[in-house]
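To start, the structure under review is shown below, and the notes come after it.
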Amino acid sequence: MDAANPSNGDEESIITPLLAPQKSLVNSSSQVALVGANICPIESLDYEIFDNDFFMQDWRSREDFQIFQYLVIKWLSCFLIGLIMGLVGFFNNLAVENIAGKKFVVTSNMMLEGRYWMAFLVFSVSNLLLTLFASVITALICPLAAGSGIPEVKAYLNGVDAPGILSPRTLLVKIIGSIAIVSSSMVVGKAGPMVHTGACVASLVGQGCFKVFGLTWRWLYHLKKDRDRRDLVTCGAAAGIAAAFRAPVGGVLFAFEEMASWWRSALLWRAFFTTAIVAVVLRSLIDVCLNGLCGLFGKGGLIIFDTYSDFPSYHLKDLPPVLALAFIGGILGSFYNFLLTKVLRVYNLIHEKGIVYKVLLACSVSIFTSCLLFGLPWFASCQPCPSSAREICPTIGRSGNFKKFQCSYGHYNDLASLIFNTNDDAIKNLFSKGTDSEFQFLSMLTFFVTCFSLSVLSYGTVAPVGLFVPVIVTGASYGRFVGMVVGPYTNLSHGFFAILGAASFLGGSMRTTVSLCVIMLELTNNLLLLPLVMLVLLISKTVADAFNCNIYNQIMKAKGFPYLECHVEPYMRQLTVASVLTSPLQLFRGIEKVRNVVNVLKWTSHHGFPIIDEPPFSEFPVLYGLILRAHLIVLLKKKAFLSVPTLGLERQDALKLLSADDFAMMGSGDVDRIEDIQLTDEEMEMFIDLHPFANTSPCTVLETMSLAKAFAIFRETGLRHMLVIPKVPGRSPVVGILTRHDFMPDYILSLHPLLEKSRWKRLRIKFHLKKKFF
């Protein structure tokens with residue numbers, strides 16, 4: 001945990017508290033992954049600017065060229081992130097389209113020959129093998145790679161550091177596992193894993209890529225700080241959306257609206273530059289594929305859906321069905337989130353039984369999916385090919401709206417055109433223009449229910465699976481069905497209703513508006529959609545917010561991430577910061593004995609320690625600053641010790657042993673521990689001068705400040721530690737430390753259970769008001 005812990009710093013009383021605790025409670029939070037990952041400790045990241053003499057002197061000593069080099073490194077890192085993500089996005093689509101496309105071509109050819117049972121066997125076994133491969137490598141190599149990864153990256157950008165979520169192992173499993181599971185015909189997407197992939201790439205670029213390639217450049221230590229790494233990960237998340245949908249502006253806005261907790265204009269420019277590089281790389285590589293050098297790529301893939309010429313003029317009479325679609329879409333989206341969280345809880349119980357159960361669950365969902373996708377089209381009636389069809393009917397190959405399936409020549413199976421297909425091709429068929437008469441009511445309803453159910457069942461499997469594409473498929477089928485119902489009373493086409501339905505379902509489930517609006521416009525290449533898409537997103541989000549929060553926040557809560565929301569809970573206004581201080585406090589003196597420091601670091605697991613100066617260094621005890629555990633470990637490792645506790649020439653000699661490189665953040669998995677430092681008895685009796693390394697301007701608040709105000713300061717400034725000082729000077733200049741966990745609602749309500757009753761009372765009043773309103 002991050003809070004400071006017991007004692008006043010004396011060697012004889014290391015665990016003696018200065019402030020007696022009110023309750024003996026452990027304020028902790030653990031990540032219980034929904035895919036059954038082991039419980040691991042959660043720490044916070046140091047996003048605060050650390051203001052001390054040592055680092056300020058290092059900055060002042062730099063020449064203009066070194067400062068210019070620092071800025072160039074930032075932009076060069078963004079360029080590398082964009083370049084790598086453009087390549088990853090292209091080859092991801094290339095692999096999925098060729099693997100899944102080859103599977104559908106072989107299966108379709110067998111069905112044309114009348115070998116239906118063999119076609120089903122090939123289809124289901126290939127899906128099972130791909131799912132088995134994805135689930136096994138995820139469960140055995142990196143369970144943290146399961147799921148979309150967006151909740152993990154969002155928590156990281158909020159200041160939560162869960163070990164391993166941005167490691168090279170996670171990146172490798174995320175890329176390979178996503179290709180396999182998306183190719184297996186399960187109703188899952190690749191957009192979420194692409195966001196997580198972009199974050200992993202950004203993190204590795206920030207630490208100099210991989211050591212095995214000799215790319216850990218020494219001058220990259222400038223970026224080895226949590227604050228700079230956060231900016232790069234934000235750019236990586238934006239690049240992930242841009243690579244998944246070829247939507248560079250939508251990627252920037254998604255990172256701004258949904259992912260990042262802190263934003264500024266400089267970061268906006270770098271994120272925009274990163275996504276622009278992604279767009280250029282994708283466009284260049286797609287042009288190469290136009291010559292037929294990429295196999296089946298280009299005949300599918302969620303790259304762009306051109307509906308520019310399919311936008312009839314709309315009038316006032318067309319608005320009521322659009323408003324109804326948005327209203328119902330918000331309800332369906334919130335219901336989708338509700339069901340998904342319930343299913344994930346059930347899956348977690350299964351995953352806790354072990355790796356074998358995780359893999360068996362994934363394989364069971366795969367078999368069930370294959371049976372539905374292959375079996376349901378047999379119950380749909382065959383339709384005669386329309387005389388005005390703009391493509392060959394029945395369709396030859398893997399794509400198109402006129403799948404022959406089991407029908408006779410000259411007929412097609414409309415349900416097979418949607419359900420026996422990749423998700424990307426299904427979306428293209430739903431969005432397609434001039435197809436109002438090609439799909440039946442029952443087929444569209446069947447497809448909607450199937451996608452809704454399978455996407456809920458598939459997400460919790462132990463594989464890198466996303467939600468974006470399944471939600472788009474489900475929403476598009478819902479919108480198309482609404483368009484078929486109201487078709488005689490409106491000028492809008494069924495394909496246009498599919499676009500609006502996808503927007504309504506995205507707004508109802510993910511609750512973002514601006515970024516989703518731009519992503520939909522970039523997907524469809526149609527700026528004329530803007531007014532109605534904006535209206536649908538606003539209504540669906542507003543309706544869905546009346547029932548629950550967005551799906552990513554629900555998953556973060558289920559995983560136990562201590563995420564700080566942007567709003568303050570009302571009951572926090574009734575409390576002061578002193579009312580949540582329960583842990584005893586650990587203090588260090590400005591010049592401290594090595595043995596004291598070592599014992600405190602071994603006996604506690606906390607990361608922030610106040611430093612006070614006492615006579616003879618000051619007339620009375622005063623708060624000098626705050627020092628981090630990581631910095632203390634560096635001082636012990638370098639043995640920057642003093643033989644006597646005085647400020648003299650010996651202090652300058654000790655400082656010469658250190659440089660800014662020593663305090664740069666380590667790469668993934670490279671964390672120094674106090675147990676690894678070996679000191680002699682003579683060294684244990686020496687002293688450390690902590691003054692040059694302490695943050696001399698830590699954020700401090702009075703113990704009488706309201707908890708709501710402290711929360712707002714803590715979150716807006718990206719703090720890890722907030723010192724609480726007494727209202728009336730006493731024997732200690734600081735009475736406690738607030739950390740992220742002290743602001744968690746569950747923790748606060750456990751300390752003050754009476755607030756829980758008033759909270760539920762407000763929730764009941766709010767529920768009755770919503771019920772009356774709706």
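If you're wondering about the labels, chains in the structure tokens are A, B, ... by order shown, residues count from 1 in each chain, ligands from 1 in order shown.
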
Non-local contacts of segment 239-255 of chain A (6 Å; only C-alpha atoms; under 5 positions in same chain excluded) as a PyMOL selection string: chain A and resi 86+89+191+194-195+198+260+275+303+515+518-519+522

Computed interatomic separation between atom CA of Leu623 of chain A and atom CA of Thr717 of chain A (Å): 21.0 Å

DSSP-assigned helix (DSSP H, G or I) among segment 672-761 of chain A, expressed as a VMD selection string: chain A and resid 674 to 676 681 to 684 691 to 693 707 to 716 740 to 743 745 to 751 753 to 761

Same residues, N, CA and C atoms, saved as a compact mmCIF listing (two decimals), in the first residue's frame:
```txt
# COMPACT_ATOMS: atom_id res chain seq x y z
N ILE A 674 14.37 -4.16 -0.72
CA ILE A 674 15.21 -3.93 0.45
C ILE A 674 15.90 -5.22 0.88
N GLU A 675 15.25 -6.36 0.62
CA GLU A 675 15.84 -7.65 1.01
C GLU A 675 17.10 -7.98 0.22
N ASP A 676 17.28 -7.36 -0.94
CA ASP A 676 18.44 -7.66 -1.79
C ASP A 676 19.66 -6.82 -1.43
N ASP A 681 27.46 -4.50 9.69
CA ASP A 681 27.06 -3.89 10.97
C ASP A 681 27.60 -2.48 11.10
N GLU A 682 28.80 -2.25 10.57
CA GLU A 682 29.38 -0.91 10.64
C GLU A 682 28.56 0.08 9.82
N GLU A 683 28.14 -0.35 8.63
CA GLU A 683 27.33 0.52 7.78
C GLU A 683 25.96 0.78 8.39
N MET A 684 25.40 -0.20 9.08
CA MET A 684 24.09 -0.02 9.71
C MET A 684 24.12 1.05 10.79
N HIS A 691 17.78 15.14 3.28
CA HIS A 691 17.33 16.47 2.86
C HIS A 691 17.37 16.68 1.34
N PRO A 692 18.46 16.33 0.65
CA PRO A 692 18.50 16.65 -0.79
C PRO A 692 17.50 15.86 -1.62
N PHE A 693 16.97 14.76 -1.09
CA PHE A 693 16.13 13.86 -1.89
C PHE A 693 14.65 13.93 -1.51
N LEU A 707 -13.48 16.01 3.45
CA LEU A 707 -12.94 14.92 2.64
C LEU A 707 -13.25 15.14 1.16
N ALA A 708 -14.37 15.76 0.86
CA ALA A 708 -14.73 16.03 -0.53
C ALA A 708 -13.74 16.98 -1.18
N LYS A 709 -13.35 18.03 -0.47
CA LYS A 709 -12.40 18.99 -1.02
C LYS A 709 -11.02 18.35 -1.18
N ALA A 710 -10.63 17.54 -0.21
CA ALA A 710 -9.35 16.85 -0.30
C ALA A 710 -9.34 15.87 -1.48
N PHE A 711 -10.46 15.20 -1.70
CA PHE A 711 -10.57 14.27 -2.83
C PHE A 711 -10.39 15.02 -4.15
N ALA A 712 -11.03 16.17 -4.28
CA ALA A 712 -10.93 16.94 -5.52
C ALA A 712 -9.48 17.36 -5.78
N ILE A 713 -8.78 17.81 -4.73
CA ILE A 713 -7.37 18.20 -4.88
C ILE A 713 -6.52 16.99 -5.23
N PHE A 714 -6.76 15.88 -4.54
CA PHE A 714 -5.97 14.67 -4.73
C PHE A 714 -6.06 14.17 -6.17
N ARG A 715 -7.28 14.14 -6.70
CA ARG A 715 -7.46 13.59 -8.05
C ARG A 715 -7.01 14.56 -9.13
N GLU A 716 -7.36 15.81 -8.99
CA GLU A 716 -7.06 16.78 -10.05
C GLU A 716 -5.56 17.01 -10.21
N ARG A 740 -4.63 6.93 -2.10
CA ARG A 740 -5.76 6.57 -2.95
C ARG A 740 -6.79 5.71 -2.21
N HIS A 741 -6.34 4.76 -1.44
CA HIS A 741 -7.25 3.83 -0.77
C HIS A 741 -8.11 4.51 0.29
N ASP A 742 -7.62 5.61 0.84
CA ASP A 742 -8.41 6.33 1.85
C ASP A 742 -9.62 7.03 1.25
N PHE A 743 -9.67 7.17 -0.07
CA PHE A 743 -10.80 7.82 -0.72
C PHE A 743 -11.77 6.82 -1.35
N PRO A 745 -14.85 4.48 -1.68
CA PRO A 745 -16.15 4.48 -0.98
C PRO A 745 -16.33 3.31 -0.03
N ASP A 746 -15.93 2.12 -0.44
CA ASP A 746 -16.10 0.94 0.44
C ASP A 746 -15.33 1.09 1.73
N TYR A 747 -14.14 1.64 1.64
CA TYR A 747 -13.33 1.83 2.84
C TYR A 747 -13.93 2.88 3.76
N ILE A 748 -14.37 4.01 3.19
CA ILE A 748 -14.95 5.08 4.00
C ILE A 748 -16.21 4.60 4.69
N LEU A 749 -17.05 3.87 3.96
CA LEU A 749 -18.30 3.39 4.55
C LEU A 749 -18.06 2.31 5.59
N SER A 750 -16.94 1.59 5.48
CA SER A 750 -16.63 0.60 6.52
C SER A 750 -16.23 1.29 7.83
N LEU A 751 -15.63 2.49 7.72
CA LEU A 751 -15.29 3.25 8.92
C LEU A 751 -16.50 3.94 9.53
N PRO A 753 -20.27 3.32 9.16
CA PRO A 753 -21.41 2.54 8.63
C PRO A 753 -22.73 3.31 8.63
N LEU A 754 -22.87 4.34 9.47
CA LEU A 754 -24.12 5.09 9.48
C LEU A 754 -24.33 5.82 8.15
N LEU A 755 -23.22 6.17 7.50
CA LEU A 755 -23.35 6.84 6.20
C LEU A 755 -23.93 5.91 5.15
N GLU A 756 -23.75 4.61 5.34
CA GLU A 756 -24.29 3.64 4.38
C GLU A 756 -25.81 3.70 4.36
N LYS A 757 -26.42 3.86 5.54
CA LYS A 757 -27.88 3.93 5.61
C LYS A 757 -28.39 5.18 4.90
N SER A 758 -27.74 6.32 5.16
CA SER A 758 -28.18 7.54 4.49
C SER A 758 -27.93 7.47 3.00
N ARG A 759 -26.88 6.75 2.62
CA ARG A 759 -26.59 6.59 1.19
C ARG A 759 -27.69 5.79 0.50
N TRP A 760 -28.08 4.68 1.13
CA TRP A 760 -29.14 3.86 0.55
C TRP A 760 -30.46 4.61 0.52
N LYS A 761 -30.67 5.45 1.51
CA LYS A 761 -31.90 6.25 1.51
C LYS A 761 -31.92 7.20 0.31
```

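Distances to His315 of chain A were evaluated for A:Phe447, A:Trp269, A:Tyr347, A:Tyr489 using only C-alpha atoms, and the minimum falls at A:Tyr489.
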
Shell around Gly475 of chain A at 9 Å using only C-alpha atoms, local window under 4 positions removed, as number ranges by chain: A: 329, 333, 448, 452, 470-471, 479-480, 498-506

Given the selection you just returned, output its residues as a file containing N, CA, C and O atoms, formatted as a short mmCIF file (atom, residue, chain, number, x, y, z; two decimals), in the first residue's frame.
```
data_model
loop_
_atom_site.label_atom_id
_atom_site.label_comp_id
_atom_site.auth_asym_id
_atom_site.auth_seq_id
_atom_site.Cartn_x
_atom_site.Cartn_y
_atom_site.Cartn_z
N GLY A 329 -32.45 1.74 -27.29
CA GLY A 329 -31.05 1.34 -27.33
C GLY A 329 -30.33 1.61 -26.02
O GLY A 329 -29.48 0.82 -25.61
N GLY A 333 -28.65 -1.27 -23.86
CA GLY A 333 -27.24 -1.17 -23.52
C GLY A 333 -27.00 -1.34 -22.03
O GLY A 333 -26.06 -2.04 -21.62
N PHE A 448 -30.02 -10.72 -34.03
CA PHE A 448 -29.84 -9.81 -32.90
C PHE A 448 -29.76 -10.57 -31.58
O PHE A 448 -28.86 -10.34 -30.77
N PHE A 452 -26.39 -10.80 -29.25
CA PHE A 452 -26.52 -10.30 -27.88
C PHE A 452 -26.09 -11.37 -26.89
O PHE A 452 -25.30 -11.11 -25.97
N PRO A 470 -18.39 -6.58 -31.04
CA PRO A 470 -19.66 -7.24 -30.71
C PRO A 470 -20.80 -6.26 -30.43
O PRO A 470 -21.94 -6.51 -30.82
N VAL A 471 -20.50 -5.15 -29.75
CA VAL A 471 -21.54 -4.16 -29.49
C VAL A 471 -22.00 -3.51 -30.79
O VAL A 471 -23.20 -3.24 -30.98
N GLY A 479 -30.73 -1.98 -34.85
CA GLY A 479 -31.16 -0.84 -35.64
C GLY A 479 -31.78 -1.24 -36.96
O GLY A 479 -32.78 -0.66 -37.40
N ARG A 480 -31.21 -2.26 -37.59
CA ARG A 480 -31.78 -2.73 -38.86
C ARG A 480 -33.18 -3.30 -38.65
O ARG A 480 -34.08 -3.09 -39.47
N ALA A 498 -29.34 0.82 -39.27
CA ALA A 498 -28.32 -0.05 -38.67
C ALA A 498 -27.19 0.78 -38.07
O ALA A 498 -26.68 0.48 -36.98
N ILE A 499 -26.79 1.84 -38.76
CA ILE A 499 -25.74 2.72 -38.23
C ILE A 499 -26.22 3.41 -36.96
O ILE A 499 -25.49 3.47 -35.95
N LEU A 500 -27.44 3.91 -36.97
CA LEU A 500 -27.99 4.55 -35.78
C LEU A 500 -28.17 3.56 -34.63
O LEU A 500 -27.96 3.90 -33.46
N GLY A 501 -28.56 2.33 -34.96
CA GLY A 501 -28.69 1.31 -33.92
C GLY A 501 -27.36 0.98 -33.28
O GLY A 501 -27.27 0.81 -32.05
N ALA A 502 -26.30 0.88 -34.09
CA ALA A 502 -24.97 0.64 -33.54
C ALA A 502 -24.55 1.78 -32.62
O ALA A 502 -23.99 1.56 -31.54
N ALA A 503 -24.85 3.02 -33.03
CA ALA A 503 -24.51 4.17 -32.19
C ALA A 503 -25.29 4.14 -30.87
O ALA A 503 -24.74 4.44 -29.80
N SER A 504 -26.57 3.78 -30.93
CA SER A 504 -27.38 3.75 -29.71
C SER A 504 -26.88 2.68 -28.74
O SER A 504 -26.85 2.89 -27.52
N PHE A 505 -26.49 1.55 -29.28
CA PHE A 505 -26.02 0.46 -28.41
C PHE A 505 -24.65 0.80 -27.82
O PHE A 505 -24.36 0.47 -26.65
N LEU A 506 -23.78 1.44 -28.61
CA LEU A 506 -22.49 1.88 -28.09
C LEU A 506 -22.68 2.92 -26.99
O LEU A 506 -22.03 2.86 -25.94
#
```

All residues 10 Å or closer to Phe617 of chain A, only C-alpha atoms, same chain fewer than 5 positions away omitted, as a VMD selection string: chain A and resid 590 to 591 612 622 646 to 647

Distance query Val365 of chain A at most 12 Å, only C-alpha atoms, self and fewer than 3 positions along chain excluded, as an mmCIF file with C-alpha atoms, in the first residue's frame:
```cif
data_model
loop_
_atom_site.group_PDB
_atom_site.id
_atom_site.type_symbol
_atom_site.label_atom_id
_atom_site.label_comp_id
_atom_site.auth_asym_id
_atom_site.auth_seq_id
_atom_site.Cartn_x
_atom_site.Cartn_y
_atom_site.Cartn_z
ATOM 1 C CA SER A 124 -16.325 -26.427 -35.515
ATOM 2 C CA ASN A 127 -12.883 -22.839 -34.284
ATOM 3 C CA LEU A 128 -12.180 -25.095 -31.320
ATOM 4 C CA THR A 131 -9.955 -21.019 -29.194
ATOM 5 C CA LEU A 132 -7.925 -23.711 -27.454
ATOM 6 C CA SER A 135 -6.987 -19.770 -24.126
ATOM 7 C CA ILE A 181 -9.711 -15.849 -30.838
ATOM 8 C CA SER A 184 -12.378 -18.545 -34.266
ATOM 9 C CA SER A 185 -15.799 -17.010 -35.142
ATOM 10 C CA MET A 186 -16.566 -16.166 -31.515
ATOM 11 C CA VAL A 187 -18.515 -12.929 -31.113
ATOM 12 C CA VAL A 188 -15.557 -10.935 -29.812
ATOM 13 C CA TYR A 347 -17.143 -17.214 -14.797
ATOM 14 C CA LYS A 358 -10.618 -21.866 -17.649
ATOM 15 C CA VAL A 359 -9.673 -23.635 -20.864
ATOM 16 C CA LEU A 360 -12.686 -25.960 -20.716
ATOM 17 C CA LEU A 361 -15.020 -23.014 -20.292
ATOM 18 C CA ALA A 362 -13.550 -21.255 -23.323
ATOM 19 C CA PHE A 368 -21.762 -23.722 -28.490
ATOM 20 C CA THR A 369 -20.986 -20.780 -30.781
ATOM 21 C CA SER A 370 -20.087 -23.059 -33.696
ATOM 22 C CA CYS A 371 -23.308 -25.039 -33.297
ATOM 23 C CA LEU A 372 -25.406 -21.863 -33.321
ATOM 24 C CA SER A 453 -26.289 -13.670 -26.140
ATOM 25 C CA LEU A 454 -22.989 -14.866 -27.609
ATOM 26 C CA SER A 455 -21.185 -11.586 -26.958
ATOM 27 C CA VAL A 456 -22.192 -11.765 -23.288
ATOM 28 C CA LEU A 457 -21.073 -15.392 -23.024
ATOM 29 C CA SER A 458 -17.807 -14.919 -24.928
ATOM 30 C CA TYR A 459 -16.285 -11.914 -23.185
ATOM 31 C CA GLY A 460 -15.346 -13.595 -19.912
ATOM 32 C CA THR A 461 -13.349 -16.400 -21.533
ATOM 33 C CA VAL A 462 -9.637 -16.586 -20.811
ATOM 34 C CA ALA A 463 -8.495 -14.944 -24.047
#
```

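Picture a line from atom CA of Phe588 of chain A to atom CA of Ile725 of chain A; it runs 15.7 Å.
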
Polymer residues at most 9 Å from Glu592 of chain A, only C-alpha atoms, same-chain spacing of 2 or more positions, as an MDAnalysis selection string: chainID A and resid 9 588:590 594:597 645 686:690

Shell of 10 Å around Ser261 of chain A, only C-alpha atoms, local chain residues under 6 positions omitted, as JSON, numbers by chain: {"A": [154, 155, 156, 157, 158, 159, 234, 255, 564, 565, 566, 715, 716, 718]}

Would you export the selected residues with all heavy atoms as a CSV table (one decimal), in the first residue's frame, please?
```
chain,number,residue,atom,x,y,z
A,154,LYS,N,-7.1,2.0,-18.5
A,154,LYS,CA,-7.9,3.2,-17.9
A,154,LYS,C,-7.5,3.3,-16.4
A,154,LYS,O,-7.3,4.5,-16.0
A,154,LYS,CB,-9.4,2.9,-18.0
A,154,LYS,CG,-10.2,4.1,-17.6
A,154,LYS,CD,-11.7,3.9,-17.9
A,154,LYS,CE,-12.5,5.1,-17.4
A,154,LYS,NZ,-14.0,4.9,-17.7
A,155,ALA,N,-7.4,2.2,-15.7
A,155,ALA,CA,-6.9,2.3,-14.3
A,155,ALA,C,-5.5,2.8,-14.2
A,155,ALA,O,-5.2,3.6,-13.3
A,155,ALA,CB,-7.1,1.0,-13.6
A,156,TYR,N,-4.6,2.3,-15.1
A,156,TYR,CA,-3.2,2.8,-15.1
A,156,TYR,C,-3.1,4.3,-15.3
A,156,TYR,O,-2.4,5.0,-14.6
A,156,TYR,CB,-2.5,2.0,-16.2
A,156,TYR,CG,-1.0,2.4,-16.3
A,156,TYR,CD1,0.0,1.8,-15.5
A,156,TYR,CD2,-0.6,3.5,-17.1
A,156,TYR,CE1,1.3,2.2,-15.6
A,156,TYR,CE2,0.7,3.9,-17.2
A,156,TYR,CZ,1.7,3.2,-16.4
A,156,TYR,OH,3.0,3.6,-16.5
A,157,LEU,N,-3.9,4.8,-16.2
A,157,LEU,CA,-3.9,6.2,-16.5
A,157,LEU,C,-4.5,7.0,-15.4
A,157,LEU,O,-4.3,8.3,-15.3
A,157,LEU,CB,-4.6,6.5,-17.8
A,157,LEU,CG,-3.9,6.0,-19.1
A,157,LEU,CD1,-4.7,6.3,-20.3
A,157,LEU,CD2,-2.5,6.5,-19.2
A,158,ASN,N,-5.2,6.4,-14.5
A,158,ASN,CA,-5.8,7.0,-13.3
A,158,ASN,C,-4.8,7.0,-12.2
A,158,ASN,O,-5.0,7.7,-11.1
A,158,ASN,CB,-7.1,6.3,-12.9
A,158,ASN,CG,-7.9,7.0,-11.8
A,158,ASN,OD1,-7.8,6.6,-10.7
A,158,ASN,ND2,-8.5,8.1,-12.2
A,159,GLY,N,-3.7,6.2,-12.3
A,159,GLY,CA,-2.7,6.2,-11.3
A,159,GLY,C,-2.6,4.9,-10.6
A,159,GLY,O,-1.9,4.7,-9.6
A,234,THR,N,-1.0,7.0,-22.8
A,234,THR,CA,-2.2,7.7,-23.4
A,234,THR,C,-2.1,7.7,-24.9
A,234,THR,O,-3.1,7.5,-25.6
A,234,THR,CB,-2.3,9.1,-22.8
A,234,THR,OG1,-2.3,9.1,-21.4
A,234,THR,CG2,-3.6,9.8,-23.3
A,255,ALA,N,-9.3,8.4,-26.3
A,255,ALA,CA,-8.3,8.5,-25.2
A,255,ALA,C,-8.6,9.7,-24.3
A,255,ALA,O,-8.4,9.6,-23.0
A,255,ALA,CB,-6.9,8.6,-25.8
A,564,LEU,N,-10.3,6.3,-9.0
A,564,LEU,CA,-10.8,7.5,-8.5
A,564,LEU,C,-11.7,8.2,-9.6
A,564,LEU,O,-11.2,8.6,-10.7
A,564,LEU,CB,-9.7,8.5,-8.1
A,564,LEU,CG,-8.8,8.1,-7.0
A,564,LEU,CD1,-7.7,9.2,-6.8
A,564,LEU,CD2,-9.6,7.8,-5.7
A,565,GLU,N,-13.0,8.2,-9.3
A,565,GLU,CA,-14.0,8.8,-10.3
A,565,GLU,C,-13.8,10.3,-10.3
A,565,GLU,O,-13.1,10.9,-9.4
A,565,GLU,CB,-15.4,8.5,-9.8
A,565,GLU,CG,-15.7,7.0,-9.8
A,565,GLU,CD,-15.9,6.4,-11.2
A,565,GLU,OE1,-15.9,7.2,-12.2
A,565,GLU,OE2,-16.1,5.2,-11.4
A,566,CYS,N,-14.3,10.9,-11.3
A,566,CYS,CA,-14.2,12.4,-11.5
A,566,CYS,C,-15.1,13.2,-10.5
A,566,CYS,O,-15.0,14.4,-10.4
A,566,CYS,CB,-14.4,12.8,-12.9
A,566,CYS,SG,-16.0,12.3,-13.6
A,715,ARG,N,-7.3,14.1,-6.7
A,715,ARG,CA,-7.5,13.6,-8.0
A,715,ARG,C,-7.0,14.6,-9.1
A,715,ARG,O,-6.3,14.2,-10.1
A,715,ARG,CB,-8.9,13.2,-8.3
A,715,ARG,CG,-9.1,12.4,-9.6
A,715,ARG,CD,-10.6,12.2,-9.9
A,715,ARG,NE,-10.7,11.4,-11.1
A,715,ARG,CZ,-10.6,11.7,-12.3
A,715,ARG,NH1,-10.3,13.0,-12.6
A,715,ARG,NH2,-10.7,10.9,-13.3
A,716,GLU,N,-7.4,15.8,-9.0
A,716,GLU,CA,-7.1,16.8,-10.0
A,716,GLU,C,-5.6,17.0,-10.2
A,716,GLU,O,-5.1,17.3,-11.3
A,716,GLU,CB,-7.8,18.1,-9.8
A,716,GLU,CG,-9.3,18.1,-9.9
A,716,GLU,CD,-9.7,17.6,-11.2
A,716,GLU,OE1,-9.1,18.0,-12.2
A,716,GLU,OE2,-10.7,16.9,-11.3
A,718,GLY,N,-3.3,14.6,-9.4
A,718,GLY,CA,-2.6,13.4,-9.7
A,718,GLY,C,-1.7,13.0,-8.6
A,718,GLY,O,-0.5,12.5,-8.8
```

Nearest to Thr450 of chain A by atom-to-atom distance, counting only C-alpha atoms, from A:Val233, A:Leu373, A:Ala119, A:Leu340: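 Of A:Val233, A:Leu373, A:Ala119, A:Leu340, the one nearest Thr450 of chain A is A:Leu373, counting only C-alpha atoms.
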
Pick from A:Thr512, A:Ser477, A:Asn109, A:Asn429 nearest to Leu442 of chain A, counting only C-alpha atoms: A:Ser477

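For the atom pair formed by atom CA of Leu430 of chain A and atom CA of Val122 of chain A, the distance is 26.8 Å, given to one decimal.
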
Nearest residue to Cys289 of chain A from the set A:Cys407, A:Leu587, A:Leu679, A:Leu94 (distances using only C-alpha atoms): A:Leu94

DSSP strand (DSSP E or B) residues within segment 523-612 of chain A, as an MDAnalysis selection string: chainID A and resid 576 586 588:589 591:593 608:612

Go ahead and write the residues just picked, N, CA, C and O atoms, as a CSV table (one decimal), in the first residue's frame.
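again.csv was written with the following content:
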```csv
chain,number,residue,atom,x,y,z
A,576,THR,N,-14.4,14.9,7.6
A,576,THR,CA,-13.1,15.6,7.4
A,576,THR,C,-12.0,14.6,7.2
A,576,THR,O,-12.2,13.4,7.3
A,586,GLN,N,4.5,6.8,10.2
A,586,GLN,CA,6.0,6.6,10.3
A,586,GLN,C,6.7,7.8,9.8
A,586,GLN,O,6.4,8.3,8.8
A,588,PHE,N,10.5,10.0,9.5
A,588,PHE,CA,12.0,10.0,9.4
A,588,PHE,C,12.5,11.4,9.8
A,588,PHE,O,11.9,12.4,9.5
A,589,ARG,N,13.7,11.4,10.4
A,589,ARG,CA,14.3,12.7,10.6
A,589,ARG,C,15.2,13.0,9.4
A,589,ARG,O,15.5,12.2,8.6
A,591,ILE,N,18.3,13.7,9.0
A,591,ILE,CA,19.5,12.8,9.0
A,591,ILE,C,19.2,11.6,9.9
A,591,ILE,O,19.0,11.7,11.1
A,592,GLU,N,19.0,10.5,9.2
A,592,GLU,CA,18.5,9.3,9.9
A,592,GLU,C,19.5,8.2,9.9
A,592,GLU,O,20.4,8.1,9.0
A,593,LYS,N,19.5,7.4,11.0
A,593,LYS,CA,20.4,6.3,11.1
A,593,LYS,C,20.0,5.2,10.1
A,593,LYS,O,18.9,4.9,9.8
A,608,GLY,N,5.6,6.1,1.1
A,608,GLY,CA,5.8,7.5,1.4
A,608,GLY,C,6.0,7.8,2.8
A,608,GLY,O,5.3,7.3,3.7
A,609,PHE,N,7.1,8.5,3.1
A,609,PHE,CA,7.5,8.8,4.5
A,609,PHE,C,7.8,10.3,4.7
A,609,PHE,O,8.6,10.8,4.1
A,610,PRO,N,7.0,10.9,5.7
A,610,PRO,CA,7.3,12.3,6.0
A,610,PRO,C,8.7,12.5,6.6
A,610,PRO,O,9.1,11.6,7.4
A,611,ILE,N,9.3,13.6,6.4
A,611,ILE,CA,10.6,13.9,7.0
A,611,ILE,C,10.4,15.2,7.8
A,611,ILE,O,9.9,16.2,7.4
A,612,ILE,N,10.9,15.1,9.1
A,612,ILE,CA,10.8,16.3,10.0
A,612,ILE,C,12.2,16.6,10.4
A,612,ILE,O,13.1,15.8,10.5
```

Nearest-residue call for Ser417 of chain A, choices A:Trp263, A:Phe104, A:Tyr478, A:Phe641, using only C-alpha atoms: A:Phe104

Minimum-distance residue to His607 of chain A, chosen among A:Val580, A:Cys363, A:Ile67, A:Ile737 (using only C-alpha atoms): A:Ile737
